[in-house]
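What follows is the content of start15.txt, which has compact mmCIF, C-alpha atoms and all ligand atoms:
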# COMPACT_ATOMS: atom_id res chain seq x y z
CA MET E 1 16.48 -26.67 13.21
CA ASN E 2 14.67 -25.46 16.32
CA ASP E 3 10.87 -25.46 16.73
CA SER E 4 10.44 -21.90 15.54
CA GLN E 5 12.32 -22.75 12.36
CA LYS E 6 10.18 -25.79 11.48
CA PRO E 7 7.58 -25.30 8.75
CA ARG E 8 4.04 -25.54 10.06
CA ASN E 9 0.66 -25.71 8.48
CA LEU E 10 -0.38 -22.12 7.94
CA THR E 11 -4.08 -22.76 8.15
CA VAL E 12 -5.22 -22.53 11.74
CA ASP E 13 -7.94 -25.12 12.33
CA GLY E 14 -11.15 -23.77 10.79
CA TRP E 15 -9.55 -20.44 9.91
CA PRO E 16 -10.25 -18.37 7.88
CA ALA E 17 -13.74 -19.87 8.10
CA ASN E 18 -14.84 -16.98 10.33
CA ARG E 19 -13.50 -18.26 13.61
CA PRO E 20 -10.60 -16.10 14.74
CA THR E 21 -8.31 -17.60 17.32
CA SER E 22 -8.30 -15.71 20.61
CA SER E 23 -4.82 -14.37 19.90
CA VAL E 24 -5.98 -13.07 16.53
CA SER E 25 -8.99 -11.41 18.19
CA GLU E 26 -6.76 -9.77 20.74
CA SER E 27 -4.31 -8.34 18.25
CA ASP E 28 -7.20 -7.38 15.94
CA ARG E 29 -8.69 -5.38 18.77
CA ALA E 30 -5.39 -3.66 19.46
CA ALA E 31 -5.12 -2.79 15.76
CA GLY E 32 -8.74 -1.60 15.50
CA ILE E 33 -9.59 -4.41 13.05
CA GLU E 34 -13.11 -5.87 13.30
CA VAL E 35 -13.88 -9.02 11.32
CA THR E 36 -17.44 -10.41 11.25
CA GLY E 37 -19.03 -13.75 10.45
CA ASN E 38 -19.58 -12.58 6.86
CA PHE E 39 -15.85 -12.55 6.24
CA SER E 40 -14.46 -14.10 3.09
CA ARG E 41 -11.06 -13.62 1.56
CA PHE E 42 -10.74 -11.19 -1.32
CA SER E 43 -10.30 -12.52 -4.83
CA GLN E 44 -7.52 -10.81 -6.77
CA ARG E 45 -9.73 -11.08 -9.86
CA ASN E 46 -12.03 -8.50 -8.23
CA ASP E 47 -9.32 -5.90 -7.89
CA MET E 48 -10.41 -2.89 -9.96
CA PHE E 49 -7.41 -3.00 -12.31
CA ASN E 50 -8.07 -6.67 -13.01
CA ARG E 51 -11.82 -6.15 -13.40
CA SER E 52 -11.09 -3.68 -16.17
CA ARG E 53 -9.84 -6.70 -18.16
CA TRP E 54 -12.93 -8.90 -17.80
CA ASP E 55 -15.90 -7.14 -16.18
CA ASP E 56 -18.45 -5.46 -18.49
CA VAL E 57 -19.33 -3.05 -15.68
CA VAL E 58 -15.99 -1.35 -16.40
CA ASP E 59 -15.49 0.33 -19.76
CA GLY E 60 -12.61 -1.81 -21.04
CA SER E 61 -11.62 0.42 -23.95
CA LYS E 62 -11.33 3.51 -21.74
CA ALA E 63 -9.37 1.49 -19.19
CA LYS E 64 -7.02 0.40 -21.97
CA SER E 65 -6.31 4.02 -22.81
CA PHE E 66 -5.43 4.59 -19.13
CA PHE E 67 -2.90 1.73 -19.20
CA ARG E 68 -1.64 2.80 -22.63
CA SER E 69 -0.89 6.28 -21.30
CA HIS E 70 1.97 4.68 -19.34
CA THR E 71 3.78 3.81 -22.57
CA ARG E 72 2.18 6.02 -25.22
CA PRO E 73 0.75 9.03 -23.41
CA LYS E 74 -1.35 11.69 -25.07
CA PRO E 75 -0.16 14.90 -23.43
CA ARG E 76 -2.59 17.81 -23.25
CA ARG E 77 -2.30 21.51 -22.58
CA GLY E 78 -3.45 21.44 -18.96
CA ASP E 79 -0.87 22.15 -16.27
CA GLY E 80 0.49 18.83 -14.98
CA PHE E 81 -0.55 16.83 -18.05
CA GLN E 82 2.00 18.05 -20.57
CA GLN E 83 4.68 15.97 -22.24
CA ARG E 84 7.29 16.62 -19.55
CA ASP E 85 4.81 15.49 -16.83
CA PHE E 86 3.99 12.19 -18.52
CA ALA E 87 7.66 11.76 -19.44
CA LEU E 88 8.65 12.01 -15.78
CA ARG E 89 5.79 9.85 -14.50
CA ASN E 90 6.40 7.09 -17.01
CA ALA E 91 10.13 7.15 -16.35
CA SER E 92 9.42 6.72 -12.63
CA TRP E 93 7.62 3.42 -13.30
CA VAL E 94 10.35 1.87 -15.43
CA VAL E 95 11.96 -0.37 -12.79
CA ALA E 96 8.62 -1.69 -11.46
CA ASP E 97 7.46 -2.25 -15.05
CA THR E 98 10.64 -4.15 -15.86
CA TYR E 99 9.99 -6.58 -13.00
CA ALA E 100 6.31 -6.84 -13.97
CA ASN E 101 7.13 -7.62 -17.59
CA ARG E 102 10.03 -10.01 -17.20
CA GLY E 103 7.84 -13.06 -16.50
CA MET E 104 4.96 -12.18 -18.83
CA LYS E 105 5.74 -15.02 -21.24
CA GLU E 106 5.43 -17.52 -18.39
CA GLY E 107 2.16 -15.90 -17.30
CA ARG E 108 3.55 -13.90 -14.35
CA ARG E 109 3.19 -10.20 -13.54
CA GLU E 110 5.64 -9.74 -10.70
CA GLY E 111 4.78 -7.18 -8.07
CA PHE E 112 1.19 -6.81 -9.30
CA LEU E 113 -0.20 -10.34 -9.58
CA ASP E 114 2.76 -12.50 -8.53
CA PRO E 115 5.59 -12.21 -6.02
CA LEU E 116 9.02 -11.04 -7.13
CA GLU E 117 11.04 -13.99 -8.41
CA PRO E 118 14.18 -14.63 -6.34
CA PHE E 119 17.52 -14.10 -8.02
CA PHE E 120 19.55 -16.68 -6.06
CA PRO E 121 18.24 -19.76 -4.23
CA VAL E 122 18.17 -20.13 -0.45
CA ALA E 123 21.67 -20.76 0.95
CA GLU E 124 22.31 -24.27 2.18
CA MET E 125 24.03 -23.08 5.37
CA ARG E 126 22.58 -21.01 8.18
CA PRO E 127 24.55 -18.85 10.61
CA GLU E 128 24.42 -19.52 14.34
CA ALA E 129 20.90 -18.73 15.60
CA VAL E 130 20.30 -15.46 17.45
CA ALA E 131 17.27 -14.44 19.53
CA PRO E 132 14.28 -13.35 17.39
CA GLU E 133 14.43 -9.89 19.00
CA VAL E 134 18.03 -9.48 17.87
CA MET E 135 17.25 -10.74 14.38
CA SER E 136 14.29 -8.34 14.11
CA ARG E 137 16.56 -5.42 14.96
CA GLN E 138 19.09 -6.58 12.37
CA ILE E 139 16.45 -7.00 9.66
CA LYS E 140 15.09 -3.51 10.33
CA ARG E 141 18.57 -2.09 9.99
CA ILE E 142 19.18 -3.99 6.74
CA ALA E 143 15.79 -2.95 5.36
CA LYS E 144 16.60 0.69 6.03
CA LEU E 145 20.04 0.25 4.50
CA PHE E 146 18.29 -0.98 1.36
CA GLY E 147 15.97 2.02 1.25
CA ALA E 148 12.87 1.26 3.33
CA ASP E 149 11.68 4.24 5.39
CA LEU E 150 9.51 2.21 7.76
CA VAL E 151 9.78 -1.42 8.89
CA GLY E 152 7.46 -3.41 11.14
CA ILE E 153 7.04 -7.13 11.75
CA CYS E 154 3.93 -9.15 12.52
CA GLU E 155 2.62 -12.67 12.12
CA TYR E 156 1.47 -14.07 8.79
CA ASP E 157 -2.34 -13.92 8.65
CA GLU E 158 -4.05 -16.01 6.01
CA ARG E 159 -7.14 -13.80 6.02
CA TRP E 160 -5.33 -11.10 4.07
CA SER E 161 -3.99 -13.43 1.37
CA TYR E 162 -5.98 -13.31 -1.86
CA ALA E 163 -8.40 -16.20 -2.15
CA ASP E 164 -6.93 -16.77 -5.61
CA ARG E 165 -4.78 -15.02 -8.18
CA PHE E 166 -6.01 -13.36 -11.35
CA ASP E 167 -4.96 -15.16 -14.51
CA PHE E 168 -4.43 -12.33 -17.00
CA GLN E 169 -4.14 -14.73 -19.91
CA ASN E 170 -7.50 -16.49 -19.59
CA LYS E 171 -9.14 -13.81 -17.34
CA GLY E 172 -10.00 -16.47 -14.77
CA THR E 173 -8.33 -17.42 -11.51
CA ARG E 174 -5.40 -19.60 -10.48
CA PRO E 175 -4.32 -20.78 -7.03
CA ASN E 176 -2.54 -18.43 -4.65
CA GLU E 177 -0.22 -20.96 -3.06
CA LEU E 178 2.56 -20.01 -0.69
CA PRO E 179 5.47 -22.16 0.42
CA PRO E 180 4.74 -23.64 3.86
CA GLY E 181 6.23 -22.25 7.04
CA LEU E 182 6.34 -18.54 6.16
CA VAL E 183 4.86 -17.53 9.50
CA HIS E 184 6.25 -13.98 9.76
CA CYS E 185 5.57 -10.86 7.72
CA ILE E 186 8.06 -8.02 7.39
CA VAL E 187 6.16 -4.90 6.35
CA LEU E 188 8.11 -2.21 4.52
CA GLY E 189 6.99 1.40 4.04
CA TYR E 190 8.37 3.73 1.38
CA GLN E 191 7.53 7.41 1.75
CA MET E 192 6.17 9.29 -1.24
CA ASP E 193 7.61 12.69 -2.14
CA LYS E 194 5.49 15.40 -0.51
CA THR E 195 6.29 18.07 -3.09
CA LEU E 196 4.85 15.78 -5.78
CA VAL E 197 1.89 14.50 -3.75
CA ASP E 198 0.85 18.10 -3.15
CA ALA E 199 0.39 18.48 -6.92
CA TYR E 200 -2.31 15.76 -7.17
CA PRO E 201 -4.25 15.36 -9.39
CA SER E 202 -1.73 15.48 -12.25
CA ALA E 203 0.52 13.17 -14.21
CA LEU E 204 3.41 14.97 -12.52
CA ALA E 205 2.16 14.03 -9.04
CA SER E 206 1.75 10.41 -10.06
CA THR E 207 5.54 10.31 -10.31
CA ALA E 208 5.47 10.02 -6.49
CA ALA E 209 3.69 6.65 -6.80
CA GLY E 210 5.75 5.30 -9.71
CA LYS E 211 9.00 6.29 -8.04
CA GLU E 212 8.16 4.28 -4.91
CA TYR E 213 6.87 1.26 -6.86
CA SER E 214 10.21 1.16 -8.64
CA HIS E 215 12.12 1.90 -5.45
CA GLU E 216 10.42 -0.86 -3.47
CA ALA E 217 10.86 -3.46 -6.24
CA GLY E 218 14.65 -3.13 -6.07
CA SER E 219 14.70 -2.75 -2.30
CA LEU E 220 12.52 -5.85 -1.76
CA MET E 221 14.76 -7.91 -4.00
CA GLN E 222 17.77 -6.92 -1.90
CA ILE E 223 16.17 -7.44 1.52
CA SER E 224 14.62 -10.78 0.60
CA GLN E 225 17.89 -11.94 -0.97
CA TYR E 226 19.72 -11.12 2.26
CA ILE E 227 17.29 -13.41 4.12
CA ARG E 228 17.73 -16.18 1.56
CA ASN E 229 21.50 -15.80 1.84
CA LEU E 230 21.05 -16.57 5.57
CA GLY E 231 19.43 -19.87 4.64
CA PHE E 232 15.77 -18.90 5.13
CA GLU E 233 12.92 -18.51 2.68
CA ALA E 234 11.65 -15.03 1.83
CA LEU E 235 8.73 -14.27 -0.46
CA ALA E 236 8.79 -10.61 -1.53
CA ASN E 237 5.47 -9.15 -2.57
CA MET E 238 4.18 -5.72 -3.52
CA ASN E 239 0.50 -5.48 -4.53
CA ASP E 240 0.38 -9.20 -5.31
CA THR E 241 -0.36 -12.17 -3.02
CA ALA E 242 -1.97 -10.35 -0.07
CA LEU E 243 -3.53 -7.08 1.02
CA ALA E 244 -0.90 -4.73 2.47
CA ILE E 245 -2.91 -2.35 4.64
CA PRO E 246 -3.98 -4.81 7.39
CA TYR E 247 -0.36 -5.93 7.68
CA ALA E 248 0.87 -2.34 7.97
CA VAL E 249 -1.64 -1.74 10.75
CA LYS E 250 -0.82 -5.00 12.55
CA ALA E 251 2.92 -4.32 12.35
CA GLY E 252 2.48 -0.98 14.08
CA LEU E 253 3.27 1.19 11.08
CA GLY E 254 0.01 3.08 10.89
CA GLU E 255 -3.68 3.38 11.67
CA TYR E 256 -6.48 2.81 9.20
CA GLY E 257 -8.09 6.00 7.86
CA ARG E 258 -11.32 6.95 6.12
CA ASN E 259 -9.36 7.33 2.86
CA GLN E 260 -8.56 3.56 3.00
CA MET E 261 -4.89 4.19 3.71
CA ALA E 262 -2.71 3.22 6.65
CA ILE E 263 -1.86 6.62 8.12
CA THR E 264 1.62 6.65 9.59
CA GLU E 265 3.01 8.83 12.34
CA GLU E 266 6.09 9.64 10.27
CA PHE E 267 4.65 10.50 6.85
CA GLY E 268 0.87 10.48 7.31
CA PRO E 269 -0.87 8.77 4.36
CA ARG E 270 2.07 9.34 1.99
CA VAL E 271 3.47 5.79 2.13
CA ARG E 272 3.59 2.75 -0.18
CA PHE E 273 3.65 -0.61 1.61
CA SER E 274 5.01 -3.99 0.63
CA LYS E 275 5.63 -7.29 2.44
CA ILE E 276 8.10 -10.12 2.79
CA PHE E 277 6.80 -13.45 4.14
CA THR E 278 9.53 -15.48 5.77
CA ASP E 279 10.40 -18.38 8.06
CA LEU E 280 13.33 -16.45 9.58
CA PRO E 281 12.61 -16.43 13.34
CA LEU E 282 11.55 -12.87 14.21
CA ALA E 283 9.93 -10.99 17.09
CA HIS E 284 6.74 -9.09 16.32
CA ASP E 285 5.77 -5.46 16.78
CA ALA E 286 2.49 -4.35 18.33
CA PRO E 287 -0.13 -2.17 16.62
CA LYS E 288 0.18 1.52 17.48
CA ARG E 289 -2.68 3.99 17.90
CA PHE E 290 -2.23 7.76 17.86
CA GLY E 291 -5.78 8.99 17.42
CA VAL E 292 -6.38 8.58 13.67
CA THR E 293 -9.68 6.70 14.04
CA GLU E 294 -11.08 9.37 16.35
CA PHE E 295 -9.87 12.13 14.05
CA CYS E 296 -11.38 10.47 10.96
CA GLU E 297 -14.70 10.21 12.79
CA ILE E 298 -14.99 14.01 12.81
CA CYS E 299 -13.03 14.79 9.63
CA ARG E 300 -14.38 14.21 6.13
CA ARG E 301 -11.92 16.17 4.08
CA CYS E 302 -10.95 13.22 1.89
CA ALA E 303 -14.60 12.37 1.24
CA GLU E 304 -15.60 15.99 0.60
CA SER E 305 -12.65 16.55 -1.74
CA CYS E 306 -13.09 13.38 -3.80
CA PRO E 307 -14.41 14.45 -7.25
CA PRO E 308 -16.49 11.27 -7.90
CA GLN E 309 -17.59 11.06 -4.23
CA ALA E 310 -16.09 7.61 -3.84
CA ILE E 311 -15.24 7.88 -0.14
CA PRO E 312 -17.94 7.24 2.47
CA THR E 313 -18.99 10.06 4.79
CA GLY E 314 -20.75 7.76 7.26
CA PRO E 315 -19.49 5.28 9.84
CA PRO E 316 -17.44 2.16 8.98
CA SER E 317 -19.44 -0.74 7.58
CA GLU E 318 -18.81 -4.41 6.85
CA HIS E 319 -20.49 -4.05 3.46
CA GLY E 320 -18.61 -2.50 0.56
CA PRO E 321 -20.33 -0.77 -2.36
CA ASN E 322 -19.40 -3.44 -4.94
CA ARG E 323 -17.35 -6.59 -5.63
CA SER E 324 -14.04 -4.71 -5.33
CA ALA E 325 -14.49 -4.57 -1.56
CA ILE E 326 -13.59 -7.32 0.90
CA SER E 327 -16.64 -8.52 2.79
CA GLY E 328 -16.91 -9.02 6.52
CA VAL E 329 -14.41 -6.39 7.68
CA VAL E 330 -15.92 -3.36 9.43
CA LYS E 331 -14.16 -0.38 7.89
CA TRP E 332 -14.46 2.67 5.68
CA THR E 333 -14.54 1.38 2.11
CA ALA E 334 -14.29 3.54 -0.99
CA ASP E 335 -16.25 2.88 -4.15
CA CYS E 336 -13.38 1.69 -6.35
CA GLU E 337 -15.54 1.73 -9.48
CA LYS E 338 -16.08 5.48 -9.12
CA CYS E 339 -12.45 6.04 -8.16
CA PHE E 340 -11.02 4.07 -11.08
CA ASP E 341 -13.42 5.75 -13.49
CA TYR E 342 -11.98 9.09 -12.39
CA TRP E 343 -8.40 7.82 -12.88
CA VAL E 344 -9.32 6.72 -16.39
CA LYS E 345 -10.70 10.20 -17.16
CA LEU E 346 -7.45 11.76 -15.95
CA SER E 347 -5.19 9.19 -17.69
CA SER E 348 -3.39 9.16 -14.37
CA ASP E 349 -3.94 8.06 -10.81
CA CYS E 350 -5.50 10.51 -8.38
CA GLY E 351 -4.27 11.12 -4.86
CA ILE E 352 -6.47 14.02 -3.79
CA CYS E 353 -7.55 12.03 -0.71
CA MET E 354 -3.88 11.73 0.23
CA ARG E 355 -3.05 15.37 -0.45
CA VAL E 356 -5.90 16.94 1.55
CA CYS E 357 -5.55 14.68 4.59
CA PRO E 358 -4.56 16.74 7.65
CA TYR E 359 -1.95 14.05 8.35
CA ASN E 360 -0.17 14.95 5.09
CA LYS E 361 2.42 17.18 6.75
CA ASP E 362 6.19 17.36 7.01
CA PHE E 363 6.62 15.76 10.44
CA SER E 364 10.37 16.29 10.38
CA ARG E 365 9.42 19.81 11.58
CA PRO E 366 8.79 20.08 15.35
CA ILE E 367 5.79 22.38 14.86
CA PHE E 368 3.98 19.68 12.86
CA ARG E 369 4.87 16.99 15.36
CA LEU E 370 3.15 19.12 18.00
CA TYR E 371 0.26 19.63 15.56
CA ARG E 372 -0.07 15.86 15.10
CA ARG E 373 0.01 15.28 18.84
CA LEU E 374 -2.85 17.74 19.35
CA MET E 375 -4.84 16.04 16.57
CA GLY E 376 -4.80 12.96 18.82
CA THR E 377 -6.32 14.78 21.78
CA ARG E 378 -9.68 16.33 22.65
CA LEU E 379 -8.51 19.39 20.74
CA ARG E 380 -8.97 17.49 17.47
CA GLY E 381 -12.05 19.52 16.46
CA LEU E 382 -10.08 22.74 16.89
CA MET E 383 -7.14 21.30 14.96
CA LEU E 384 -9.45 20.34 12.10
CA ARG E 385 -10.89 23.87 11.92
CA LEU E 386 -7.37 25.29 12.09
CA ASP E 387 -6.24 22.99 9.29
CA LYS E 388 -8.96 24.32 7.02
CA ALA E 389 -8.42 27.95 8.07
CA LEU E 390 -4.70 27.78 7.38
CA GLY E 391 -5.28 26.32 3.93
CA PHE E 392 -3.39 23.05 4.43
CA GLY E 393 -4.04 20.46 1.74
CA ALA E 394 -4.37 23.01 -1.09
CA ARG E 395 -3.15 21.85 -4.49
CA ARG E 396 0.26 22.96 -5.55
CA LYS E 397 0.40 23.95 -9.20
CA PRO E 398 2.47 21.41 -11.13
CA LYS E 399 4.08 24.31 -13.00
CA ASP E 400 5.37 25.64 -9.66
CA TRP E 401 7.01 22.28 -8.96
CA TRP E 402 8.96 22.58 -12.22
CA ASP E 403 9.75 26.25 -11.62
CA ASP E 404 10.93 25.61 -8.04
CA ALA E 405 13.27 22.85 -9.22
CA GLU E 406 14.72 25.23 -11.79
CA ALA E 407 15.09 28.08 -9.30
CA ALA E 408 16.90 25.75 -6.89
CA GLY E 409 19.29 24.77 -9.68
CA GLU E 410 18.24 21.11 -9.42
S1 LIG T 501 -7.93 8.66 -5.37
FE1 LIG T 501 -9.16 10.43 -6.00
S2 LIG T 501 -11.00 9.52 -6.92
FE2 LIG T 501 -10.00 7.91 -5.72
S3 LIG T 501 -10.95 7.98 -3.70
FE3 LIG T 501 -9.12 9.29 -3.59
S4 LIG T 501 -9.86 11.36 -4.08
FE4 LIG T 501 -11.43 9.89 -4.75
S1 LIG T 502 -8.78 13.41 5.35
FE1 LIG T 502 -9.62 13.33 7.42
S2 LIG T 502 -11.14 11.68 7.34
FE2 LIG T 502 -9.86 11.45 5.55
S3 LIG T 502 -8.28 10.01 6.18
FE3 LIG T 502 -7.43 12.06 6.53
S4 LIG T 502 -7.94 12.51 8.66
FE4 LIG T 502 -9.23 10.76 8.03

Could I get this file's structure written as structure tokens?
Amino acid sequence: MNDSQKPRNLTVDGWPANRPTSSVSESDRAAGIEVTGNFSRFSQRNDMFNRSRWDDVVDGSKAKSFFRSHTRPKPRRGDGFQQRDFALRNASWVVADTYANRGMKEGRREGFLDPLEPFFPVAEMRPEAVAPEVMSRQIKRIAKLFGADLVGICEYDERWSYADRFDFQNKGTRPNELPPGLVHCIVLGYQMDKTLVDAYPSALASTAAGKEYSHEAGSLMQISQYIRNLGFEALANMNDTALAIPYAVKAGLGEYGRNQMAITEEFGPRVRFSKIFTDLPLAHDAPKRFGVTEFCEICRRCAESCPPQAIPTGPPSEHGPNRSAISGVVKWTADCEKCFDYWVKLSSDCGICMRVCPYNKDFSRPIFRLYRRLMGTRLRGLMLRLDKALGFGARRKPKDWWDDAEAAGE
């Protein structure tokens, strides 16, 4: 075992007690991340979904009907909320739900509160070591083979791990302990279907989210198993264990936007992220900037389009509106209480702030790649006006999505 393969204590002296190491400060700066002395790690118990199970501020019975709609929906007449829409959405979640439910008796909710349980143990043999740069290239190739659309690698950063895990049985907390030595983070991005995202808000559009949750659950199991088969540890996590967005930004996959998403060059905000923590020696990627912060400073389309006005219109702040916000990170922070309340009213998640974002474009087309490039220049104001004038971000009728599929003979 060489030095880079040896487990080490993950807690840097005094960190995360508000004293970033100089290397952390440097890479934070490059990523546009600003952490203040008021920083404290986020408790998973304060996540909005978990609060709906214990916090009186959230109407628990209404929240229950939201969760119930994923197994026993109550279709309505409105376009996008009919039986076929809920049928498709709920089918899209089935794989992720299967992983989430398989450890319920032992108190686990894999992918949401707990990491995905490995299928096979770590192999006892390791192949001949290769340079971390070579291994990173190989892992990216394998990750794409197993369905990831984006892959980046950065260092493990304890600040983004939940301070504790939510215990859904007693509504309290339990420790969020990781095996030692997992010093690297592989960040995976899974693009969401644009034709569905454009139909937000609707149960139909929510299929885009469920499909990628299910997709990433299977894909993460395969990628992490490959690493374990090489004789290294790999902890695959989706929404559980740690925040994903700071890792996506650090690994060079996207820039942080006003709508609280990591906006990618390839797919804009239409991406689901997950992580694998590992001790496999890997080289890291650098954060990448392409003008999102500057564009968000002049654009407020997500905030103006948000029905419950949950997205801030002002500058980034280190103070969030309520306990569902991490403290001590200077950023745009949505009011998750208002947002979740709106989801509950819909019986479905809402992605209007994803749909209307000027970065929600098909960048496989050269014209939109040029468009994106100009959004990152001093012409950004003009591009924003153009975006509005050309009607980008308008809602696609869910009925049209069904009709188009039929017309195409799909
Ligand atoms: S998901 Fe919908 S309700 Fe929530 S912040 Fe975005 S636009 Fe607002
Ligand atoms: S809609 Fe505008 S302000 Fe909101 S995230 Fe997208 S670019 Fe930024």

Among the residues E:Asn90, E:Ser347, E:Asn259, E:Ser327, the one that comes closest to Ala208 (chain E) [using all atoms listed in the file]
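Checking each candidate against Ala208 (chain E), we get E:Asn90 as the closest.
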
Expressed in Å to a single decimal, how great is the separation between CA of Leu116 (chain E) and CA of Ser43 (chain E)?
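If I compute the distance from CA of Leu116 (chain E) to CA of Ser43 (chain E), I get 19.5 Å.
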
Would you please work out which residue, of E:Arg72, E:Lys331, E:Arg380, E:Arg301, is nearest to His319 (chain E) when using all atoms listed in the file?
E:Lys331

Quick one, how far is CA of Asp279 (chain E) from CA of Arg108 (chain E)?
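Separating CA of Asp279 (chain E) from CA of Arg108 (chain E) is a distance of 23.9 Å.
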
Can I get the residues of chain E within 7 Å of ligand LIG 502 (chain T), each with the closest pair of atoms and their distance in Å to one decimal, using only C-alpha atoms and all ligand atoms, sorted chain first then ascending number, as a tab-separated table?
residue	atom	partner	partner_atom	distance
E:Gly257	CA	T:LIG502	S3	4.4
E:Arg258	CA	T:LIG502	S3	4.3
E:Asn259	CA	T:LIG502	S3	4.4
E:Val292	CA	T:LIG502	S4	6.6
E:Phe295	CA	T:LIG502	S4	5.7
E:Cys296	CA	T:LIG502	FE4	3.6
E:Glu297	CA	T:LIG502	S2	6.7
E:Cys299	CA	T:LIG502	S2	4.3
E:Arg300	CA	T:LIG502	S2	4.3
E:Arg301	CA	T:LIG502	S1	4.4
E:Cys302	CA	T:LIG502	S1	4.1
E:Ala303	CA	T:LIG502	FE2	6.5
E:Cys353	CA	T:LIG502	S1	6.3
E:Val356	CA	T:LIG502	S1	5.9
E:Cys357	CA	T:LIG502	S1	3.6
E:Pro358	CA	T:LIG502	S4	5.5
E:Tyr359	CA	T:LIG502	FE3	6.1

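For the choices E:Gly231, E:Tyr213, E:Lys171, E:Met48, the atom-to-atom distance to ligand LIG 501 (chain T) is smallest for E:Met48 when using all atoms listed in the file.
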
Shortest interatomic distance to ligand LIG 501 (chain T) - which of E:Leu382, E:Val35, E:Ala209, E:Ala236, counting only C-alpha atoms and all ligand atoms
E:Ala209

Applying 12 Å and all atoms listed in the file, which residues near Arg76 (chain E) remain after dropping the ones on its own chain fewer than 3 positions away? List them as a PyMOL selection string.
chain E and resi 69+73+79-86+202-203+346-347

Export C-alpha atoms of the chosen residues as an mmCIF file, keeping the file's coordinate frame?
data_model
loop_
_atom_site.group_PDB
_atom_site.id
_atom_site.type_symbol
_atom_site.label_atom_id
_atom_site.label_comp_id
_atom_site.auth_asym_id
_atom_site.auth_seq_id
_atom_site.Cartn_x
_atom_site.Cartn_y
_atom_site.Cartn_z
ATOM 1 C CA SER E 69 -0.890 6.280 -21.300
ATOM 2 C CA PRO E 73 0.750 9.030 -23.410
ATOM 3 C CA ASP E 79 -0.870 22.150 -16.270
ATOM 4 C CA GLY E 80 0.490 18.830 -14.980
ATOM 5 C CA PHE E 81 -0.550 16.830 -18.050
ATOM 6 C CA GLN E 82 2.000 18.050 -20.570
ATOM 7 C CA GLN E 83 4.680 15.970 -22.240
ATOM 8 C CA ARG E 84 7.290 16.620 -19.550
ATOM 9 C CA ASP E 85 4.810 15.490 -16.830
ATOM 10 C CA PHE E 86 3.990 12.190 -18.520
ATOM 11 C CA SER E 202 -1.730 15.480 -12.250
ATOM 12 C CA ALA E 203 0.520 13.170 -14.210
ATOM 13 C CA LEU E 346 -7.450 11.760 -15.950
ATOM 14 C CA SER E 347 -5.190 9.190 -17.690
#

Which residues of chain E come within 8 Å of ligand LIG 501 (chain T), and for each one, what is the closest pair of atoms and their distance in Å to one decimal, counting only C-alpha atoms and all ligand atoms, sorted by chain and residue number, as JSON lines?
{"residue": "E:Pro201", "atom": "CA", "partner": "T:LIG501", "partner_atom": "FE1", "distance": 7.7}
{"residue": "E:Asn259", "atom": "CA", "partner": "T:LIG501", "partner_atom": "FE3", "distance": 6.7}
{"residue": "E:Cys302", "atom": "CA", "partner": "T:LIG501", "partner_atom": "S4", "distance": 6.3}
{"residue": "E:Ala303", "atom": "CA", "partner": "T:LIG501", "partner_atom": "S4", "distance": 7.2}
{"residue": "E:Ser305", "atom": "CA", "partner": "T:LIG501", "partner_atom": "S4", "distance": 6.3}
{"residue": "E:Cys306", "atom": "CA", "partner": "T:LIG501", "partner_atom": "S4", "distance": 3.8}
{"residue": "E:Pro307", "atom": "CA", "partner": "T:LIG501", "partner_atom": "FE4", "distance": 6.0}
{"residue": "E:Pro308", "atom": "CA", "partner": "T:LIG501", "partner_atom": "S2", "distance": 5.8}
{"residue": "E:Gln309", "atom": "CA", "partner": "T:LIG501", "partner_atom": "FE4", "distance": 6.3}
{"residue": "E:Ala310", "atom": "CA", "partner": "T:LIG501", "partner_atom": "S3", "distance": 5.2}
{"residue": "E:Ile311", "atom": "CA", "partner": "T:LIG501", "partner_atom": "S3", "distance": 5.6}
{"residue": "E:Ala334", "atom": "CA", "partner": "T:LIG501", "partner_atom": "S3", "distance": 6.2}
{"residue": "E:Asp335", "atom": "CA", "partner": "T:LIG501", "partner_atom": "S3", "distance": 7.4}
{"residue": "E:Cys336", "atom": "CA", "partner": "T:LIG501", "partner_atom": "FE2", "distance": 7.1}
{"residue": "E:Lys338", "atom": "CA", "partner": "T:LIG501", "partner_atom": "S2", "distance": 6.9}
{"residue": "E:Cys339", "atom": "CA", "partner": "T:LIG501", "partner_atom": "FE2", "distance": 3.9}
{"residue": "E:Phe340", "atom": "CA", "partner": "T:LIG501", "partner_atom": "FE2", "distance": 6.7}
{"residue": "E:Asp341", "atom": "CA", "partner": "T:LIG501", "partner_atom": "S2", "distance": 8.0}
{"residue": "E:Tyr342", "atom": "CA", "partner": "T:LIG501", "partner_atom": "S2", "distance": 5.6}
{"residue": "E:Trp343", "atom": "CA", "partner": "T:LIG501", "partner_atom": "S2", "distance": 6.7}
{"residue": "E:Asp349", "atom": "CA", "partner": "T:LIG501", "partner_atom": "S1", "distance": 6.8}
{"residue": "E:Cys350", "atom": "CA", "partner": "T:LIG501", "partner_atom": "S1", "distance": 4.3}
{"residue": "E:Gly351", "atom": "CA", "partner": "T:LIG501", "partner_atom": "S1", "distance": 4.4}
{"residue": "E:Ile352", "atom": "CA", "partner": "T:LIG501", "partner_atom": "S4", "distance": 4.3}
{"residue": "E:Cys353", "atom": "CA", "partner": "T:LIG501", "partner_atom": "S4", "distance": 4.1}
{"residue": "E:Met354", "atom": "CA", "partner": "T:LIG501", "partner_atom": "FE3", "distance": 6.9}

Sel. within 12 Å of pt (-10.4, 4.1, 16.2), counting only C-alpha atoms, output as a VMD selection string:
chain E and resid 28 to 34 249 254 to 258 288 to 298 315 to 316 330 to 332 376
